[in-house]
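Peer 1: Supplied structure: work.cif, mmCIF, C-alpha atoms.
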```cif
data_input
loop_
_atom_site.label_atom_id
_atom_site.label_comp_id
_atom_site.auth_asym_id
_atom_site.auth_seq_id
_atom_site.Cartn_x
_atom_site.Cartn_y
_atom_site.Cartn_z
CA MET A 1 -24.13 -18.87 3.37
CA ALA A 2 -25.01 -15.23 2.79
CA THR A 3 -22.74 -13.11 0.63
CA LEU A 4 -21.64 -10.02 2.49
CA GLY A 5 -21.62 -7.53 -0.39
CA ASN A 6 -25.25 -6.99 0.60
CA PRO A 7 -25.58 -4.45 3.49
CA GLN A 8 -28.49 -6.37 5.06
CA ASN A 9 -26.40 -9.54 5.43
CA THR A 10 -23.51 -7.54 6.88
CA ILE A 11 -25.82 -5.98 9.50
CA GLU A 12 -27.22 -9.42 10.44
CA ILE A 13 -23.75 -10.90 10.98
CA LEU A 14 -22.63 -7.93 13.10
CA LYS A 15 -25.80 -8.20 15.24
CA LYS A 16 -25.46 -11.95 15.62
CA TYR A 17 -21.97 -11.56 17.12
CA ASP A 18 -22.65 -8.26 18.94
CA PHE A 19 -19.71 -6.85 17.02
CA MET A 20 -18.59 -3.34 17.94
CA PHE A 21 -16.48 -1.33 15.48
CA GLN A 22 -13.06 -0.53 16.92
CA LYS A 23 -11.98 3.03 16.27
CA ARG A 24 -8.35 2.17 16.99
CA PHE A 25 -8.36 -0.34 14.10
CA GLY A 26 -9.97 2.15 11.70
CA GLN A 27 -12.61 -0.39 10.65
CA ASN A 28 -14.83 0.35 7.65
CA PHE A 29 -16.41 -2.66 5.94
CA LEU A 30 -17.21 -2.66 2.23
CA ILE A 31 -20.88 -3.16 1.36
CA ASP A 32 -20.91 -2.75 -2.42
CA THR A 33 -20.69 -5.75 -4.76
CA HIS A 34 -19.64 -3.63 -7.79
CA VAL A 35 -16.59 -2.35 -5.91
CA LEU A 36 -15.72 -5.87 -4.71
CA LYS A 37 -15.84 -7.22 -8.27
CA LYS A 38 -13.73 -4.29 -9.48
CA ILE A 39 -11.04 -5.05 -6.89
CA ILE A 40 -10.88 -8.74 -7.92
CA LYS A 41 -10.65 -7.69 -11.59
CA SER A 42 -7.98 -5.03 -10.89
CA ALA A 43 -5.87 -7.48 -8.90
CA GLU A 44 -6.06 -9.93 -11.85
CA ILE A 45 -6.72 -12.87 -9.50
CA THR A 46 -6.60 -16.33 -11.10
CA LYS A 47 -6.90 -19.92 -9.90
CA GLU A 48 -3.08 -20.11 -9.94
CA ASP A 49 -2.70 -17.40 -7.29
CA LEU A 50 -1.89 -17.36 -3.62
CA VAL A 51 -3.45 -14.14 -2.30
CA LEU A 52 -2.54 -12.46 0.97
CA GLU A 53 -5.43 -10.39 2.29
CA ILE A 54 -4.60 -7.83 4.96
CA GLY A 55 -7.53 -6.89 7.19
CA PRO A 56 -10.36 -9.20 6.04
CA GLY A 57 -12.81 -7.70 8.57
CA ILE A 58 -15.87 -9.97 8.56
CA GLY A 59 -14.74 -11.65 5.34
CA THR A 60 -16.65 -9.66 2.71
CA MET A 61 -13.80 -9.49 0.20
CA THR A 62 -12.35 -12.80 1.40
CA GLN A 63 -15.40 -14.67 0.07
CA TYR A 64 -14.75 -13.20 -3.40
CA LEU A 65 -11.04 -14.00 -3.16
CA CYS A 66 -11.72 -17.62 -2.15
CA GLU A 67 -13.99 -18.03 -5.19
CA ASN A 68 -11.32 -16.68 -7.56
CA ALA A 69 -7.90 -17.67 -6.14
CA ARG A 70 -6.16 -20.98 -5.52
CA GLU A 71 -5.47 -20.14 -1.88
CA VAL A 72 -6.05 -17.17 0.44
CA ILE A 73 -4.18 -16.21 3.60
CA ALA A 74 -6.20 -13.66 5.57
CA VAL A 75 -4.36 -11.74 8.30
CA GLU A 76 -6.64 -10.01 10.82
CA ILE A 77 -5.42 -8.07 13.86
CA ASP A 78 -8.78 -7.87 15.72
CA LYS A 79 -9.33 -11.09 17.70
CA ASN A 80 -13.08 -10.31 17.99
CA LEU A 81 -13.44 -10.94 14.24
CA ILE A 82 -11.80 -14.38 14.26
CA PRO A 83 -14.92 -16.34 15.43
CA ILE A 84 -17.03 -14.61 12.75
CA LEU A 85 -14.55 -15.59 10.03
CA THR A 86 -13.85 -19.12 11.29
CA ASN A 87 -17.33 -20.23 12.33
CA ASP A 88 -19.48 -18.29 9.94
CA THR A 89 -18.56 -16.22 6.90
CA LEU A 90 -15.60 -18.34 5.72
CA ALA A 91 -16.60 -21.69 7.26
CA GLU A 92 -17.51 -23.18 3.86
CA TYR A 93 -14.16 -22.45 2.19
CA ASP A 94 -11.32 -24.96 2.41
CA ASN A 95 -8.79 -22.74 0.59
CA VAL A 96 -8.41 -20.05 3.26
CA THR A 97 -6.12 -19.74 6.30
CA ILE A 98 -6.99 -17.13 8.92
CA ILE A 99 -4.12 -15.68 10.96
CA ASN A 100 -4.84 -13.46 13.98
CA GLU A 101 -1.75 -11.26 13.92
CA ASP A 102 -0.41 -7.77 13.23
CA ILE A 103 0.78 -7.81 9.59
CA LEU A 104 3.78 -5.65 10.51
CA LYS A 105 5.05 -8.38 12.86
CA LEU A 106 4.60 -11.34 10.53
CA ASP A 107 7.54 -12.93 8.66
CA LEU A 108 5.94 -12.78 5.21
CA ASN A 109 9.01 -14.05 3.37
CA ALA A 110 8.88 -17.27 5.42
CA LEU A 111 5.11 -17.55 4.83
CA VAL A 112 5.49 -17.15 1.04
CA GLN A 113 8.34 -19.69 1.01
CA GLU A 114 6.24 -22.20 2.94
CA ARG A 115 2.93 -21.72 1.10
CA ASN A 116 4.01 -20.73 -2.40
CA GLY A 117 7.52 -22.10 -2.79
CA GLY A 118 8.91 -18.54 -2.79
CA LYS A 119 6.95 -17.67 -5.97
CA ARG A 120 5.39 -14.22 -6.23
CA ILE A 121 2.03 -13.63 -4.55
CA LYS A 122 -0.69 -10.99 -4.88
CA VAL A 123 -1.80 -8.79 -1.98
CA VAL A 124 -5.31 -7.37 -1.57
CA ALA A 125 -6.25 -5.08 1.30
CA ASN A 126 -8.85 -2.65 2.58
CA LEU A 127 -6.53 -0.94 5.05
CA PRO A 128 -7.19 1.47 7.90
CA TYR A 129 -6.04 4.73 6.40
CA TYR A 130 -3.72 5.75 9.23
CA ILE A 131 -1.54 2.68 8.63
CA THR A 132 -1.69 2.38 4.82
CA THR A 133 1.75 3.82 4.11
CA PRO A 134 3.71 1.86 6.79
CA ILE A 135 2.15 -1.41 5.56
CA ILE A 136 2.78 -0.77 1.85
CA MET A 137 6.34 0.46 2.48
CA GLY A 138 6.93 -2.52 4.80
CA LEU A 139 5.91 -4.91 2.01
CA PHE A 140 8.23 -3.16 -0.46
CA GLU A 141 11.23 -2.79 1.83
CA SER A 142 11.19 -6.37 3.11
CA HIS A 143 11.33 -7.51 -0.54
CA VAL A 144 8.50 -10.03 -0.17
CA PRO A 145 8.05 -11.72 -3.60
CA LEU A 146 5.03 -9.81 -4.92
CA GLN A 147 3.31 -9.49 -8.30
CA ASN A 148 0.98 -6.70 -7.28
CA ILE A 149 -0.69 -5.00 -4.33
CA THR A 150 -4.31 -3.88 -4.80
CA VAL A 151 -5.46 -1.68 -1.95
CA MET A 152 -8.32 0.53 -0.95
CA VAL A 153 -6.80 3.79 0.23
CA GLN A 154 -7.85 7.34 0.96
CA LYS A 155 -8.41 9.10 -2.37
CA GLU A 156 -5.75 11.74 -1.72
CA VAL A 157 -3.18 9.04 -0.86
CA ALA A 158 -3.91 7.29 -4.18
CA ASP A 159 -3.41 10.64 -5.96
CA ARG A 160 -0.08 11.12 -4.16
CA MET A 161 1.11 7.64 -5.10
CA GLN A 162 0.74 8.26 -8.81
CA ALA A 163 1.62 11.98 -8.92
CA GLY A 164 4.47 13.22 -11.13
CA PRO A 165 7.03 16.05 -10.68
CA GLY A 166 5.74 19.60 -10.36
CA SER A 167 2.25 18.72 -9.04
CA LYS A 168 1.10 19.56 -5.50
CA ASP A 169 0.51 15.85 -4.74
CA TYR A 170 4.06 14.87 -5.72
CA GLY A 171 6.30 14.01 -2.79
CA ALA A 172 8.34 11.37 -0.97
CA LEU A 173 5.47 8.84 -1.11
CA SER A 174 5.10 9.23 -4.91
CA LEU A 175 8.81 8.57 -5.42
CA ALA A 176 8.97 5.65 -2.97
CA VAL A 177 5.98 3.90 -4.55
CA GLN A 178 7.18 4.52 -8.11
CA TYR A 179 10.67 3.21 -7.30
CA TYR A 180 9.13 -0.18 -6.44
CA ALA A 181 5.98 -0.32 -8.56
CA THR A 182 3.77 1.13 -11.30
CA PRO A 183 0.64 2.68 -9.70
CA TYR A 184 -2.76 2.56 -11.42
CA ILE A 185 -5.97 3.97 -9.93
CA ALA A 186 -8.63 1.39 -10.82
CA ALA A 187 -11.68 3.01 -9.21
CA ASN A 188 -12.85 5.90 -7.07
CA VAL A 189 -15.11 4.72 -4.25
CA PRO A 190 -17.68 7.00 -2.56
CA GLN A 191 -18.27 6.99 1.21
CA ASN A 192 -21.66 5.24 1.00
CA CYS A 193 -19.95 1.99 -0.11
CA PHE A 194 -18.76 1.40 3.47
CA MET A 195 -20.19 0.66 6.89
CA PRO A 196 -19.67 2.78 8.93
CA ARG A 197 -19.27 5.60 6.42
CA PRO A 198 -15.75 7.06 6.45
CA ASN A 199 -15.27 10.85 6.42
CA VAL A 200 -13.24 10.79 3.20
CA GLY A 201 -13.51 9.46 -0.33
CA SER A 202 -11.53 6.33 -1.20
CA ALA A 203 -9.85 4.82 -4.24
CA VAL A 204 -8.72 1.37 -5.32
CA ILE A 205 -5.11 1.49 -6.49
CA ARG A 206 -3.08 -1.35 -7.99
CA LEU A 207 0.70 -1.28 -7.55
CA THR A 208 2.39 -3.63 -10.04
CA LEU A 209 5.89 -4.45 -8.84
CA HIS A 210 8.83 -3.75 -11.14
CA GLU A 211 10.97 -6.77 -12.11
CA GLU A 212 13.96 -4.45 -11.67
CA PRO A 213 14.01 -0.95 -10.10
CA PRO A 214 13.67 1.72 -12.83
CA VAL A 215 16.85 3.44 -11.59
CA GLN A 216 20.20 2.10 -10.37
CA VAL A 217 21.40 3.57 -7.07
CA LYS A 218 24.54 2.81 -5.10
CA ASP A 219 22.72 3.25 -1.78
CA GLU A 220 18.92 2.93 -1.66
CA LYS A 221 18.67 4.15 1.96
CA PHE A 222 20.71 7.27 1.18
CA MET A 223 18.54 8.09 -1.84
CA PHE A 224 15.36 7.89 0.26
CA ALA A 225 16.91 10.03 3.01
CA LEU A 226 17.74 12.57 0.30
CA ILE A 227 14.16 12.44 -1.03
CA ARG A 228 12.63 12.88 2.44
CA ALA A 229 14.89 15.86 3.18
CA SER A 230 13.93 17.44 -0.18
CA PHE A 231 10.23 17.43 0.73
CA ASN A 232 10.45 18.10 4.49
CA GLN A 233 10.38 21.84 3.80
CA ARG A 234 8.71 22.07 0.42
CA ARG A 235 9.06 25.83 0.13
CA LYS A 236 12.84 25.72 0.47
CA THR A 237 15.27 25.20 -2.37
CA LEU A 238 16.75 21.74 -2.72
CA VAL A 239 20.17 23.07 -1.63
CA ASN A 240 18.72 24.41 1.65
CA GLY A 241 16.55 21.36 2.26
CA LEU A 242 19.48 18.97 1.92
CA THR A 243 22.02 21.02 3.87
CA ASN A 244 19.54 21.51 6.74
CA ALA A 245 19.05 17.73 7.11
CA ALA A 246 21.35 16.66 9.96
CA GLU A 247 21.20 12.96 8.97
CA LEU A 248 22.69 13.71 5.54
CA ASN A 249 25.68 15.75 6.70
CA LEU A 250 26.07 17.57 3.35
CA SER A 251 27.63 20.98 2.70
CA LYS A 252 26.13 23.65 0.43
CA GLU A 253 29.18 23.38 -1.83
CA GLN A 254 28.72 19.62 -2.28
CA VAL A 255 25.04 19.94 -3.21
CA GLN A 256 25.60 22.91 -5.53
CA ALA A 257 28.49 21.13 -7.30
CA ALA A 258 26.34 18.00 -7.84
CA LEU A 259 23.42 20.05 -9.22
CA GLU A 260 25.78 21.92 -11.52
CA GLN A 261 27.18 18.63 -12.80
CA MET A 262 23.58 17.57 -13.59
CA GLY A 263 22.91 20.87 -15.40
CA LEU A 264 20.34 21.96 -12.78
CA SER A 265 19.89 25.40 -11.23
CA ALA A 266 21.06 26.00 -7.65
CA THR A 267 17.59 27.43 -6.86
CA ILE A 268 15.65 24.33 -7.98
CA ARG A 269 13.13 22.76 -5.55
CA GLY A 270 12.83 19.06 -4.77
CA GLU A 271 9.37 18.82 -6.32
CA ALA A 272 10.85 19.54 -9.78
CA LEU A 273 13.14 16.47 -9.81
CA THR A 274 12.20 13.12 -11.35
CA LEU A 275 13.06 9.77 -9.77
CA GLU A 276 15.92 9.42 -12.30
CA GLN A 277 17.33 12.80 -11.22
CA PHE A 278 17.11 11.91 -7.51
CA ALA A 279 18.98 8.66 -8.26
CA GLU A 280 21.67 10.55 -10.17
CA LEU A 281 21.97 13.13 -7.37
CA ALA A 282 22.22 10.38 -4.73
CA ASN A 283 24.96 8.61 -6.73
CA LEU A 284 26.92 11.89 -6.98
CA LEU A 285 26.60 12.71 -3.27
CA VAL A 286 26.94 9.31 -1.59
#
```
Written as structure tokens, how would this file's structure read?
Peer 2:
Amino acid sequence: MATLGNPQNTIEILKKYDFMFQKRFGQNFLIDTHVLKKIIKSAEITKEDLVLEIGPGIGTMTQYLCENAREVIAVEIDKNLIPILTNDTLAEYDNVTIINEDILKLDLNALVQERNGGKRIKVVANLPYYITTPIIMGLFESHVPLQNITVMVQKEVADRMQAGPGSKDYGALSLAVQYYATPYIAANVPQNCFMPRPNVGSAVIRLTLHEEPPVQVKDEKFMFALIRASFNQRRKTLVNGLTNAAELNLSKEQVQAALEQMGLSATIRGEALTLEQFAELANLLV
């Protein structure tokens, strides 16, 4: 069986099955063994682990995961890739299950209960960039038992995930990710490591889940609505941003009083607040 980190082997498999890249699935296959090894190392995969891989493609990364993990569940949305995975690239591995399904529609909690006794799993993914955030947030919000998520994402998305207050990359995504996990950029990946070449640079980021959220909030949903409203109109002050958000139903007086109680200026912008401050503000306003 040919390893797929080599571009030549990838081309041969694609030709053999007359595979056409689907633009709607945002498919870009990795063809660089150094990057593949770096992902396995970053994800800290061991023989104890059950790994969920989202978007295995033709199985390039899956081969590496099967070699290093106890068991792999590979979820692939494109039915045209299933014969390649089942009959060819993963045929030799007995520790992999291939599921042809949309990850957003799968009951992952039930799957983890059944396959791993509800113990925490690791997730590895090379995701289409247009759907990265919904998938990551879906994993967080459904409270699937996770140790870490190691994903290939667009470089600027990785920068946003780990940005801190006051920087241009800091926003609702930074705060949402950091509420659930500690982000760490493990590698920057140039365009020539993929087939076909994407238009943007990529990065491998590991999100290590917190045992407990770093802040205590009375109402998680309300805090995130507050955060979104704070960044919807970045140039506006926090007071204006929050009072303009219909879903929040807050008056100027309420917001100003809460900021005053926190010792913050009435002209402060959302991008200056830390996660702790947003939690405090949410608890005062809820």
Peer 1: If we count all atoms listed in the file and set the cut-off at 10 Å, which residues sit around A:Ile45, ignoring sequence neighbours fewer than 2 positions away in its own chain? Please answer as number ranges by chain.
Peer 2: A: 39-43, 47-51, 65, 67-70, 122-124
Peer 1: Just checking: using all atoms listed in the file, which residue out of A:Leu226, A:Leu52, A:Val144, A:Ala186 ends up closest to A:Gln162?
Peer 2: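 Checking each candidate against A:Gln162, we get A:Ala186 as the closest.
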Peer 1: Between atom CA of A:Met161 and atom CA of A:Met195, what is the spacing in Å?
Peer 2: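 Separation of atom CA of A:Met195 and atom CA of A:Met161: 25.4 Å.
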Peer 1: Mind giving me the straight-line distance from atom CA of A:Phe222 to atom CA of A:Leu207 in Å, one decimal?
Peer 2: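 Going from atom CA of A:Phe222 over to atom CA of A:Leu207 covers 23.4 Å.
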Peer 1: For this structure, which residues satisfy the selection - the PyMOL selection byres ((chain A and resi 269) around 9) - when it is evaluated on the file as given? I want them as JSON, numbers by chain.
Peer 2: {"A": [230, 231, 234, 235, 236, 237, 238, 239, 241, 266, 267, 268, 270, 271, 272, 273]}
Peer 1: I'd like the neighbourhood of A:Lys16 as a PyMOL selection string, where a residue qualifies if any of its atoms comes within 12 Å (using all atoms listed in the file), though same-chain residues fewer than 5 positions away should be ignored.
Peer 2: chain A and resi 9-11+83-84+88-89
